[in-house]
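One file, start_28.cif, carrying mmCIF, C-alpha atoms:
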```cif
data_query
#
loop_
_atom_site.label_atom_id
_atom_site.label_comp_id
_atom_site.auth_asym_id
_atom_site.auth_seq_id
_atom_site.Cartn_x
_atom_site.Cartn_y
_atom_site.Cartn_z
CA MET A 1 29.98 10.30 -2.54
CA GLU A 2 29.47 9.80 1.15
CA LYS A 3 28.85 6.26 2.28
CA VAL A 4 26.35 5.28 4.93
CA LYS A 5 27.31 2.92 7.79
CA VAL A 6 24.80 0.16 8.48
CA ARG A 7 24.72 -2.66 11.03
CA LEU A 8 22.85 -5.58 9.56
CA THR A 9 22.15 -9.15 10.63
CA VAL A 10 21.98 -11.49 7.65
CA ASN A 11 21.12 -15.16 8.12
CA GLY A 12 22.14 -14.87 11.78
CA ASN A 13 25.52 -13.20 11.14
CA SER A 14 26.19 -9.57 12.06
CA PHE A 15 27.80 -7.24 9.55
CA CYS A 16 28.96 -3.66 9.73
CA LEU A 17 28.73 -2.38 6.16
CA GLU A 18 29.46 0.80 4.25
CA VAL A 19 26.95 1.36 1.49
CA GLY A 20 26.37 3.91 -1.24
CA ALA A 21 23.31 6.18 -1.32
CA LYS A 22 21.69 4.28 -4.17
CA GLU A 23 22.72 0.79 -3.05
CA ARG A 24 19.72 -1.50 -2.82
CA LEU A 25 19.49 -4.38 -0.37
CA LEU A 26 19.58 -6.61 -3.46
CA ASP A 27 22.98 -5.13 -4.47
CA THR A 28 24.43 -5.45 -0.96
CA LEU A 29 23.36 -9.08 -0.63
CA ARG A 30 24.66 -10.10 -4.05
CA GLU A 31 27.75 -7.91 -4.46
CA GLN A 32 29.03 -7.35 -0.92
CA LEU A 33 27.91 -10.54 0.80
CA ARG A 34 27.93 -12.82 -2.27
CA LEU A 35 24.50 -14.20 -1.47
CA THR A 36 23.54 -14.84 -5.08
CA GLY A 37 20.45 -16.88 -4.25
CA VAL A 38 18.72 -13.49 -4.29
CA LYS A 39 17.80 -12.94 -7.95
CA GLU A 40 17.29 -9.72 -9.86
CA GLY A 41 14.36 -10.01 -12.24
CA CYS A 42 12.40 -6.87 -13.05
CA SER A 43 14.09 -4.36 -10.65
CA ILE A 44 10.75 -2.60 -10.03
CA GLY A 45 8.95 -4.80 -7.52
CA GLU A 46 6.75 -6.72 -9.94
CA CYS A 47 8.33 -10.18 -10.14
CA GLY A 48 9.38 -11.06 -6.59
CA ALA A 49 12.56 -12.93 -7.62
CA CYS A 50 14.51 -10.75 -5.16
CA THR A 51 12.20 -11.47 -2.19
CA VAL A 52 13.92 -11.75 1.18
CA ILE A 53 12.59 -11.66 4.74
CA LEU A 54 13.24 -8.30 6.39
CA ASN A 55 12.40 -8.06 10.11
CA GLY A 56 10.00 -10.97 9.73
CA GLU A 57 8.22 -9.80 6.58
CA ALA A 58 8.62 -10.63 2.89
CA VAL A 59 9.91 -7.63 0.92
CA ASN A 60 11.30 -6.97 -2.54
CA SER A 61 15.01 -6.35 -1.94
CA CYS A 62 15.10 -4.26 -5.15
CA LEU A 63 12.79 -1.69 -3.51
CA VAL A 64 14.76 -1.13 -0.31
CA LEU A 65 17.94 0.90 0.10
CA THR A 66 20.42 -0.80 2.41
CA GLY A 67 21.06 2.61 3.96
CA GLN A 68 17.53 2.48 5.38
CA LEU A 69 18.15 -0.73 7.27
CA ASP A 70 20.43 0.03 10.21
CA GLN A 71 19.87 -2.61 12.93
CA SER A 72 17.63 -4.72 10.75
CA GLU A 73 17.50 -8.46 10.33
CA VAL A 74 17.50 -10.13 6.92
CA VAL A 75 17.01 -13.78 5.95
CA THR A 76 17.80 -14.96 2.43
CA VAL A 77 17.30 -18.35 0.84
CA GLU A 78 20.82 -19.26 1.98
CA GLY A 79 19.60 -18.92 5.57
CA LEU A 80 16.90 -21.60 5.29
CA ALA A 81 18.99 -24.78 5.44
CA GLN A 82 20.52 -25.47 8.85
CA ASP A 83 23.62 -27.64 9.48
CA GLY A 84 23.64 -28.89 5.92
CA ARG A 85 20.03 -30.05 6.15
CA LEU A 86 17.32 -28.59 3.96
CA GLU A 87 14.47 -26.75 5.63
CA PRO A 88 11.18 -28.76 5.30
CA LEU A 89 9.85 -26.11 2.92
CA GLN A 90 12.78 -26.66 0.55
CA GLN A 91 12.33 -30.43 0.72
CA ALA A 92 8.59 -29.99 0.00
CA PHE A 93 9.43 -27.96 -3.14
CA ILE A 94 11.62 -30.85 -4.33
CA ASP A 95 9.07 -33.52 -3.42
CA HIS A 96 6.23 -31.72 -5.22
CA HIS A 97 8.25 -30.83 -8.34
CA ALA A 98 7.76 -27.14 -7.55
CA VAL A 99 11.00 -26.16 -9.33
CA GLN A 100 11.33 -25.90 -13.09
CA CYS A 101 13.95 -23.42 -14.34
CA GLY A 102 14.55 -22.36 -10.73
CA PHE A 103 14.91 -18.61 -11.18
CA CYS A 104 11.79 -17.71 -9.18
CA THR A 105 12.38 -20.43 -6.57
CA PRO A 106 14.40 -18.48 -3.97
CA GLY A 107 11.80 -15.69 -4.00
CA MET A 108 8.93 -18.19 -3.84
CA LEU A 109 10.58 -19.93 -0.88
CA MET A 110 11.05 -16.66 1.01
CA SER A 111 7.44 -15.53 0.43
CA ALA A 112 6.23 -18.95 1.58
CA LYS A 113 8.56 -18.93 4.59
CA ALA A 114 7.33 -15.46 5.66
CA LEU A 115 3.75 -16.70 5.42
CA LEU A 116 4.42 -19.82 7.52
CA MET A 117 6.25 -17.75 10.14
CA LYS A 118 3.17 -15.56 10.51
CA ASP A 119 0.55 -18.31 10.19
CA PRO A 120 1.62 -21.98 10.34
CA HIS A 121 -1.79 -23.16 9.08
CA PRO A 122 -2.77 -20.96 6.14
CA GLY A 123 -5.56 -21.92 3.75
CA ARG A 124 -5.18 -22.02 -0.02
CA GLU A 125 -6.36 -18.40 -0.41
CA GLN A 126 -3.78 -17.16 2.09
CA ILE A 127 -1.07 -19.10 0.24
CA LYS A 128 -2.13 -17.53 -3.06
CA THR A 129 -2.13 -14.06 -1.52
CA ALA A 130 1.34 -14.62 -0.07
CA LEU A 131 2.60 -15.59 -3.54
CA GLU A 132 0.75 -12.96 -5.57
CA GLY A 133 3.92 -10.86 -5.82
CA ASN A 134 6.03 -13.74 -7.17
CA LEU A 135 5.99 -14.53 -10.88
CA CYS A 136 6.90 -17.98 -12.25
CA ARG A 137 7.31 -17.78 -16.01
CA CYS A 138 7.40 -21.58 -16.27
CA THR A 139 3.89 -21.18 -14.76
CA GLY A 140 4.38 -23.97 -12.24
CA TYR A 141 2.17 -22.32 -9.64
CA GLN A 142 0.06 -25.37 -8.89
CA GLN A 143 3.02 -27.47 -7.72
CA ILE A 144 4.36 -24.57 -5.64
CA ILE A 145 1.02 -24.14 -3.88
CA GLU A 146 0.77 -27.88 -3.29
CA ALA A 147 4.29 -27.96 -1.84
CA ILE A 148 3.38 -25.27 0.68
CA GLU A 149 0.02 -26.89 1.45
CA SER A 150 1.76 -30.15 2.30
CA LEU A 151 3.32 -28.41 5.31
CA THR A 152 0.34 -26.53 6.64
CA GLY A 153 -1.62 -29.34 8.25
CA PRO A 154 -5.38 -29.05 8.70
CA GLU A 155 -6.77 -25.64 7.78
CA ARG A 156 -7.59 -23.50 10.76
CA GLU A 157 -11.28 -22.66 11.06
CA MET B 1 20.72 11.92 -12.49
CA LYS B 2 23.02 13.85 -10.19
CA ASP B 3 24.37 12.21 -7.08
CA PHE B 4 22.51 12.74 -3.87
CA GLN B 5 23.33 11.96 -0.29
CA LEU B 6 21.25 9.59 1.82
CA LEU B 7 20.27 10.90 5.23
CA THR B 8 18.67 8.70 7.86
CA THR B 9 17.09 9.51 11.18
CA ARG B 10 14.89 7.88 13.80
CA GLU B 11 13.75 11.23 15.21
CA LEU B 12 10.90 13.31 13.81
CA SER B 13 12.52 16.51 15.10
CA ALA B 14 15.72 15.77 13.17
CA ALA B 15 13.74 15.04 10.00
CA LEU B 16 11.93 18.38 10.32
CA GLN B 17 15.26 20.12 10.81
CA TYR B 18 16.61 18.63 7.57
CA LEU B 19 13.43 19.69 5.74
CA ALA B 20 13.82 23.25 7.04
CA SER B 21 17.43 23.48 5.79
CA GLY B 22 16.48 24.89 2.39
CA SER B 23 18.24 22.11 0.44
CA LYS B 24 16.28 20.06 -2.04
CA VAL B 25 15.22 17.10 0.08
CA LYS B 26 13.14 14.15 -1.11
CA LEU B 27 11.48 11.97 1.52
CA LEU B 28 11.92 8.21 1.42
CA ALA B 29 9.61 5.93 3.42
CA GLY B 30 8.51 2.52 2.06
CA GLY B 31 10.27 3.17 -1.23
CA THR B 32 7.77 1.21 -3.33
CA ASP B 33 7.29 4.17 -5.69
CA LEU B 34 10.57 6.00 -5.13
CA LEU B 35 12.86 3.05 -5.85
CA VAL B 36 11.00 2.40 -9.08
CA ASP B 37 11.64 6.06 -9.99
CA LEU B 38 15.29 5.53 -9.08
CA ALA B 39 15.56 2.38 -11.22
CA GLN B 40 13.95 4.18 -14.14
CA LYS B 41 15.95 7.41 -13.64
CA SER B 42 12.70 9.38 -13.35
CA HIS B 43 12.59 13.15 -13.72
CA ARG B 44 10.78 13.15 -10.35
CA LEU B 45 14.19 12.70 -8.68
CA ALA B 46 15.99 15.30 -10.80
CA GLY B 47 18.07 17.85 -8.93
CA ILE B 48 17.62 16.54 -5.42
CA ASP B 49 20.44 17.11 -2.93
CA TYR B 50 19.33 14.71 -0.23
CA LEU B 51 17.21 11.64 0.07
CA LEU B 52 15.87 11.63 3.63
CA ASP B 53 14.94 8.22 4.95
CA ILE B 54 12.12 8.51 7.50
CA SER B 55 11.15 4.82 7.50
CA GLN B 56 12.50 4.20 11.00
CA ILE B 57 10.65 7.00 12.82
CA LYS B 58 8.60 4.91 15.26
CA GLU B 59 6.18 7.61 16.43
CA LEU B 60 4.71 7.82 12.92
CA LYS B 61 3.79 4.13 12.90
CA LEU B 62 0.94 4.30 15.42
CA ILE B 63 -2.76 3.67 14.95
CA ARG B 64 -4.90 4.88 17.84
CA VAL B 65 -8.24 6.40 18.78
CA ARG B 66 -8.16 9.93 20.19
CA ASP B 67 -10.91 12.57 20.52
CA ASN B 68 -13.43 10.39 18.68
CA ARG B 69 -11.09 10.05 15.71
CA LEU B 70 -8.91 7.27 14.41
CA GLU B 71 -5.37 8.57 14.06
CA ILE B 72 -3.16 6.78 11.55
CA GLY B 73 0.55 7.61 11.47
CA SER B 74 1.85 8.35 7.98
CA LEU B 75 4.42 5.52 8.19
CA VAL B 76 1.82 2.82 8.87
CA THR B 77 2.22 0.20 6.14
CA HIS B 78 -0.67 -1.17 4.10
CA THR B 79 -0.22 -4.52 5.88
CA ASP B 80 -0.39 -2.87 9.32
CA LEU B 81 -3.42 -0.85 8.25
CA SER B 82 -5.36 -3.88 7.05
CA GLU B 83 -4.44 -6.07 10.03
CA ASN B 84 -5.04 -3.47 12.75
CA PRO B 85 -8.05 -4.25 15.02
CA LEU B 86 -9.12 -0.59 15.16
CA THR B 87 -9.15 -0.14 11.39
CA ARG B 88 -10.97 -3.45 11.00
CA ARG B 89 -13.58 -2.44 13.56
CA TYR B 90 -14.31 1.10 12.38
CA PHE B 91 -13.31 1.24 8.71
CA PRO B 92 -13.70 -2.11 6.91
CA MET B 93 -13.75 -0.15 3.64
CA LEU B 94 -10.20 1.04 4.27
CA VAL B 95 -9.08 -2.50 5.06
CA GLN B 96 -10.64 -3.70 1.81
CA ALA B 97 -8.81 -1.00 -0.17
CA ALA B 98 -5.44 -1.58 1.55
CA ARG B 99 -5.57 -5.34 0.97
CA VAL B 100 -5.56 -5.03 -2.81
CA ILE B 101 -2.63 -2.64 -3.09
CA GLY B 102 0.27 -4.18 -5.03
CA SER B 103 1.46 -7.51 -3.63
CA THR B 104 2.22 -8.81 -0.14
CA GLN B 105 5.81 -7.55 -0.53
CA ILE B 106 4.60 -4.08 -1.58
CA ARG B 107 2.06 -3.88 1.23
CA ASN B 108 4.74 -4.81 3.78
CA ARG B 109 6.80 -1.73 2.82
CA GLY B 110 4.46 0.81 1.21
CA THR B 111 3.00 3.39 3.59
CA VAL B 112 -0.29 5.24 3.95
CA GLY B 113 1.56 8.57 3.84
CA GLY B 114 3.33 7.59 0.64
CA ASN B 115 0.09 6.59 -1.06
CA ILE B 116 -1.45 9.97 -0.19
CA ASN B 117 1.60 12.11 -0.94
CA HIS B 118 2.19 10.45 -4.30
CA ALA B 119 -1.38 11.56 -5.15
CA SER B 120 -1.74 9.25 -8.12
CA PRO B 121 -5.12 9.36 -9.91
CA ALA B 122 -5.22 5.61 -9.21
CA ALA B 123 -4.09 5.80 -5.54
CA ASP B 124 -6.01 3.01 -3.84
CA LEU B 125 -6.46 4.72 -0.48
CA LEU B 126 -7.54 8.15 -1.68
CA PRO B 127 -11.18 7.35 -2.63
CA PRO B 128 -12.03 5.68 0.71
CA LEU B 129 -10.07 8.25 2.74
CA LEU B 130 -11.83 11.12 0.95
CA ALA B 131 -15.23 9.46 1.32
CA LEU B 132 -14.55 9.03 5.04
CA ARG B 133 -13.76 12.78 5.33
CA SER B 134 -10.20 12.33 6.53
CA GLU B 135 -7.99 15.16 7.64
CA VAL B 136 -4.22 15.32 7.34
CA GLU B 137 -1.83 16.79 9.89
CA LEU B 138 1.16 18.50 8.29
CA THR B 139 4.06 19.21 10.60
CA ALA B 140 6.95 21.63 10.21
CA GLN B 141 9.54 22.84 12.70
CA GLY B 142 7.36 25.80 13.65
CA GLY B 143 4.23 23.73 14.32
CA SER B 144 1.51 21.87 12.50
CA ARG B 145 -1.64 22.54 10.52
CA VAL B 146 -4.62 20.31 9.86
CA LEU B 147 -6.38 20.25 6.50
CA PRO B 148 -9.21 18.23 5.01
CA LEU B 149 -7.64 15.63 2.72
CA SER B 150 -9.83 17.03 -0.08
CA GLN B 151 -7.86 20.30 0.15
CA PHE B 152 -4.50 18.57 0.50
CA VAL B 153 -4.59 16.84 -2.88
CA THR B 154 -4.65 19.65 -5.44
CA GLY B 155 -4.11 17.85 -8.73
CA PRO B 156 -2.72 14.73 -10.37
CA TYR B 157 0.48 13.90 -8.42
CA GLN B 158 0.13 17.26 -6.68
CA THR B 159 -0.45 18.28 -3.09
CA CYS B 160 -0.14 21.52 -1.16
CA LEU B 161 2.60 20.10 1.10
CA ARG B 162 5.28 22.77 1.66
CA PRO B 163 8.95 21.76 1.25
CA ASP B 164 9.52 22.15 5.01
CA GLU B 165 6.51 20.04 5.98
CA LEU B 166 5.98 16.36 6.62
CA LEU B 167 2.63 14.58 6.54
CA THR B 168 2.60 13.10 10.03
CA THR B 169 -0.90 11.86 10.82
CA LEU B 170 -4.17 11.07 9.18
CA ARG B 171 -7.36 11.61 11.18
CA LEU B 172 -10.66 9.92 10.45
CA PRO B 173 -13.82 10.82 12.37
CA LEU B 174 -15.27 7.63 13.90
CA PRO B 175 -18.53 6.79 12.15
CA SER B 176 -21.81 6.65 14.07
CA PRO B 177 -23.82 3.42 13.63
CA ASP B 178 -26.16 5.00 11.05
CA TYR B 179 -23.31 5.32 8.51
CA TYR B 180 -22.89 2.77 5.73
CA GLY B 181 -20.10 2.33 3.23
CA SER B 182 -19.06 0.32 0.20
CA PHE B 183 -15.79 0.06 -1.73
CA GLN B 184 -15.63 -1.30 -5.27
CA ARG B 185 -12.63 -1.88 -7.53
CA ILE B 186 -11.91 -3.16 -11.02
CA GLY B 187 -8.40 -4.20 -12.11
CA ARG B 188 -7.15 -5.84 -15.29
CA ARG B 189 -6.42 -8.97 -13.26
CA LYS B 190 -7.00 -10.15 -9.69
CA ALA B 191 -3.77 -9.13 -7.96
CA VAL B 192 -0.75 -6.84 -8.40
CA THR B 193 -2.66 -4.50 -10.67
CA ILE B 194 -3.30 -0.78 -10.80
CA ALA B 195 -6.96 0.11 -10.24
CA ARG B 196 -8.67 0.51 -13.60
CA LEU B 197 -11.58 2.05 -11.74
CA SER B 198 -12.57 2.16 -8.09
CA LEU B 199 -15.30 3.69 -6.00
CA ALA B 200 -15.86 4.58 -2.36
CA LEU B 201 -19.35 5.44 -1.17
CA VAL B 202 -20.28 6.53 2.36
CA VAL B 203 -23.83 7.52 3.37
CA ARG B 204 -25.85 8.16 6.51
CA VAL B 205 -29.31 6.63 6.64
CA THR B 206 -31.84 8.61 8.71
CA ASN B 207 -35.54 7.69 8.76
CA GLY B 208 -35.06 5.62 5.64
CA LEU B 209 -33.46 8.50 3.71
CA PHE B 210 -29.93 8.86 2.36
CA GLN B 211 -28.13 11.80 3.95
CA ASP B 212 -24.64 13.23 3.96
CA SER B 213 -23.60 11.13 0.94
CA ARG B 214 -20.01 11.03 -0.16
CA LEU B 215 -19.07 9.34 -3.43
CA VAL B 216 -15.46 9.30 -4.66
CA PRO B 217 -14.29 7.35 -7.71
CA GLY B 218 -10.63 6.46 -8.33
CA SER B 219 -8.87 6.30 -11.74
CA ALA B 220 -11.88 8.19 -13.13
CA THR B 221 -10.96 11.86 -12.80
CA PRO B 222 -7.58 13.65 -13.06
CA TYR B 223 -7.26 13.12 -9.30
CA PRO B 224 -9.67 11.47 -6.87
CA GLN B 225 -12.44 13.90 -5.93
CA PRO B 226 -16.07 13.64 -4.80
CA LEU B 227 -18.87 13.60 -7.40
CA ALA B 228 -20.85 16.45 -5.86
CA ARG B 229 -23.81 16.27 -8.26
CA VAL B 230 -24.42 12.59 -7.58
CA GLU B 231 -24.11 13.23 -3.87
CA ALA B 232 -26.71 15.99 -4.06
CA ALA B 233 -29.03 13.78 -6.11
CA LEU B 234 -28.68 10.96 -3.60
CA ASN B 235 -29.38 13.02 -0.48
CA ASN B 236 -33.00 12.86 0.77
CA GLN B 237 -33.84 9.93 -1.51
CA ALA B 238 -35.71 7.05 0.14
CA VAL B 239 -33.43 4.02 0.38
CA ALA B 240 -36.23 1.67 -0.68
CA MET B 241 -37.27 3.78 -3.71
CA LEU B 242 -33.89 4.65 -5.17
CA ASP B 243 -33.51 4.78 -8.96
CA LEU B 244 -30.18 2.95 -9.31
CA GLU B 245 -29.98 3.40 -13.08
CA GLU B 246 -30.35 7.16 -12.73
CA MET B 247 -27.60 7.38 -10.08
CA GLY B 248 -25.25 5.33 -12.26
CA ARG B 249 -26.01 7.49 -15.29
CA LEU B 250 -25.41 10.71 -13.32
CA ALA B 251 -22.05 9.42 -12.07
CA GLY B 252 -20.90 8.59 -15.59
CA GLU B 253 -21.91 12.07 -16.77
CA GLU B 254 -20.22 13.85 -13.91
CA MET B 255 -17.01 11.88 -14.50
CA VAL B 256 -16.98 12.99 -18.15
CA ALA B 257 -17.71 16.58 -17.09
CA LEU B 258 -14.60 16.49 -14.84
CA SER B 259 -12.27 14.50 -17.13
CA GLY B 260 -13.50 15.34 -20.63
CA GLU B 261 -14.09 12.68 -23.29
CA ARG B 262 -11.05 10.39 -23.30
CA TRP B 263 -10.06 7.23 -25.15
CA SER B 264 -11.22 5.22 -22.15
CA THR B 265 -14.61 6.97 -21.80
CA PRO B 266 -16.68 4.40 -23.77
CA TYR B 267 -15.49 1.80 -21.24
CA LYS B 268 -15.30 3.84 -18.05
CA LYS B 269 -18.67 5.60 -18.30
CA PRO B 270 -20.80 2.43 -18.16
CA ALA B 271 -18.26 0.71 -15.85
CA LEU B 272 -18.51 3.54 -13.32
CA ALA B 273 -22.32 3.47 -13.58
CA SER B 274 -22.16 -0.21 -12.78
CA LEU B 275 -19.85 0.30 -9.78
CA VAL B 276 -22.19 2.98 -8.42
CA LYS B 277 -25.14 0.61 -8.72
CA LYS B 278 -23.20 -2.22 -7.05
CA ALA B 279 -22.14 0.03 -4.17
CA LEU B 280 -25.67 1.35 -3.65
CA LEU B 281 -27.13 -2.15 -3.80
CA ALA B 282 -24.65 -3.41 -1.22
CA ILE B 283 -25.60 -0.56 1.10
CA MET B 284 -29.35 -1.01 0.49
CA GLU B 285 -29.06 -4.69 1.39
CA GLU B 286 -27.18 -3.86 4.56
CA VAL B 287 -29.73 -1.20 5.53
CA ALA B 288 -32.57 -3.68 4.90
CA ALA B 289 -30.80 -6.30 7.03
CA ASP B 290 -30.57 -3.73 9.85
CA GLY B 291 -34.31 -3.08 9.48
CA LYS B 292 -33.78 0.62 8.75
CA GLY B 293 -34.99 0.75 5.16
#
```
Show this structure as structure tokens.
Amino acid sequence: MEKVKVRLTVNGNSFCLEVGAKERLLDTLREQLRLTGVKEGCSIGECGACTVILNGEAVNSCLVLTGQLDQSEVVTVEGLAQDGRLEPLQQAFIDHHAVQCGFCTPGMLMSAKALLMKDPHPGREQIKTALEGNLCRCTGYQQIIEAIESLTGPERE
Amino acid sequence: MKDFQLLTTRELSAALQYLASGSKVKLLAGGTDLLVDLAQKSHRLAGIDYLLDISQIKELKLIRVRDNRLEIGSLVTHTDLSENPLTRRYFPMLVQAARVIGSTQIRNRGTVGGNINHASPAADLLPPLLALRSEVELTAQGGSRVLPLSQFVTGPYQTCLRPDELLTTLRLPLPSPDYYGSFQRIGRRKAVTIARLSLALVVRVTNGLFQDSRLVPGSATPYPQPLARVEAALNNQAVAMLDLEEMGRLAGEEMVALSGERWSTPYKKPALASLVKKALLAIMEEVAADGKG
């Protein structure tokens, strides 16, 4: 089968990749680039465990073919910490006990990060909307919302 | 599933050329339905030779006003649609419908064109787009044709799109100030849920009378279509004197006439009646606030 050539920037690094016709962004990240922070949960866009930031927006990496992404920019959970220091959002998750089993955490972090990039001062409703596509089967939503709220400062009127 | 090749292009002309080639080509845009089909090895992808990715064709991502119409490119995402100042100004109903599609992640990828082309009975955008009398522009190598959206969708998951055509633009006539609209939706839970029932209602109010009514329920009939009998019953009624119960009852009956008695009828008939009443009430309140009732 013919492969497709794709130039992709992932967590600030440029890659020139050859991908199969059915290869999802999720597969490329995990199998080719070994970025296993991206989790595969439901494979049909319901659970959000595979959420990454694509060109500035949160997307399910199980619902995108890598072949569609020439010249795109991707950020995964591995791209959050800089110089060995956790991103404030990650630290807030720890401080607010927003992690239980941890499987949904990378996806939760990326949805939250995409929200804060777009709007640094979201209200509780905006936070809930940003997370509506991320399931946590330990049901620790409250702590996750509180972790994000701790970074947002006073709500914008 | 047999192997297919993935084709990508940033040019509309190249996409149209591929479509005209005579091979079995399936279009890929946001992928929020198609990749689910792929994961589930759906029969909908059986026998295709090429998957043609059109998601990077920039000219189909525009929203603009031209000739007194709002033009929406078929590759506009649900997020872009609901955040766009023009949509927000002219068609709040469409914004309301787009904001409840799937999740944030789905809305960031899923496109208006995909929602229409998929033609699901539960498609969130079809009821408001039909109520707003949208037209679709279908483009092939030889030129384009424009059809009312009501003629484009021909059945459940069916449209009259030819294999060499691409849905390029949606056109909505800009409403005059005497038009009112309401969108209602019921899901099994608050977010990330398929519409159990929805309703789009658009009316003109002239001299205190309903005119030019358009009422389209979603997830109620085999595919979204206007309830013509309710519309006729609504026209020329005085806004202040309207019999809401009667309108709700008529809507339930017309739905059953179109869909037949189904397992869901005992729930959907009164639920639709209730949505019709809610939509009419919302419009009546708005009309009263404008001092036109």
Contacts from chain A to chain B, 6 Å maximum, all atoms listed in the file: show me the residue list as a PyMOL selection string.
chain A and resi 21+44+58-60+63+130+132-133
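The coordinates place CA of Leu25 in chain A at 25.6 Å from CA of Gly84 in chain A.
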Distance in Å - CA of Ser82 in chain B versus CA of Phe183 in chain B
14.2 Å
For range 15-19 of chain A, work out the shell of residues within 9 Å, counting all atoms listed in the file and skipping chain neighbours fewer than 6 positions away, then give it as a PDB file with C-alpha atoms, keeping the file's coordinate frame.
```
ATOM      1  CA  GLU A   2      29.470   9.800   1.150  1.00  0.00           C
ATOM      2  CA  LYS A   3      28.850   6.260   2.280  1.00  0.00           C
ATOM      3  CA  VAL A   4      26.350   5.280   4.930  1.00  0.00           C
ATOM      4  CA  LYS A   5      27.310   2.920   7.790  1.00  0.00           C
ATOM      5  CA  VAL A   6      24.800   0.160   8.480  1.00  0.00           C
ATOM      6  CA  ARG A   7      24.720  -2.660  11.030  1.00  0.00           C
ATOM      7  CA  LEU A   8      22.850  -5.580   9.560  1.00  0.00           C
ATOM      8  CA  THR A   9      22.150  -9.150  10.630  1.00  0.00           C
ATOM      9  CA  THR A  28      24.430  -5.450  -0.960  1.00  0.00           C
ATOM     10  CA  GLN A  32      29.030  -7.350  -0.920  1.00  0.00           C
ATOM     11  CA  THR A  66      20.420  -0.800   2.410  1.00  0.00           C
ATOM     12  CA  GLY A  67      21.060   2.610   3.960  1.00  0.00           C
TER      13      GLY A  67
END
```
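Of the listed residues B:Glu231, B:Glu254, B:Asp164, B:Glu83, the one whose atoms come nearest to Val25 in chain B is B:Asp164, with distances taken using only C-alpha atoms.
Atom pair CA of Thr139 in chain B / CA of Arg162 in chain B: separated by 9.7 Å.
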With all atoms listed in the file as the basis for distance, which of B:Ser74, B:Gln151, B:Asn236, B:Ser144 is at the shortest distance from Asn207 in chain B?
B:Asn236
May I have the residues within 8 Å of range 277-288 of chain B as a ChimeraX atom specification, using all atoms listed in the file and disregarding those fewer than 3 positions away in the same chain?
/B:180-184,199-201,205,239-240,244-245,247-248,273-274,291-293
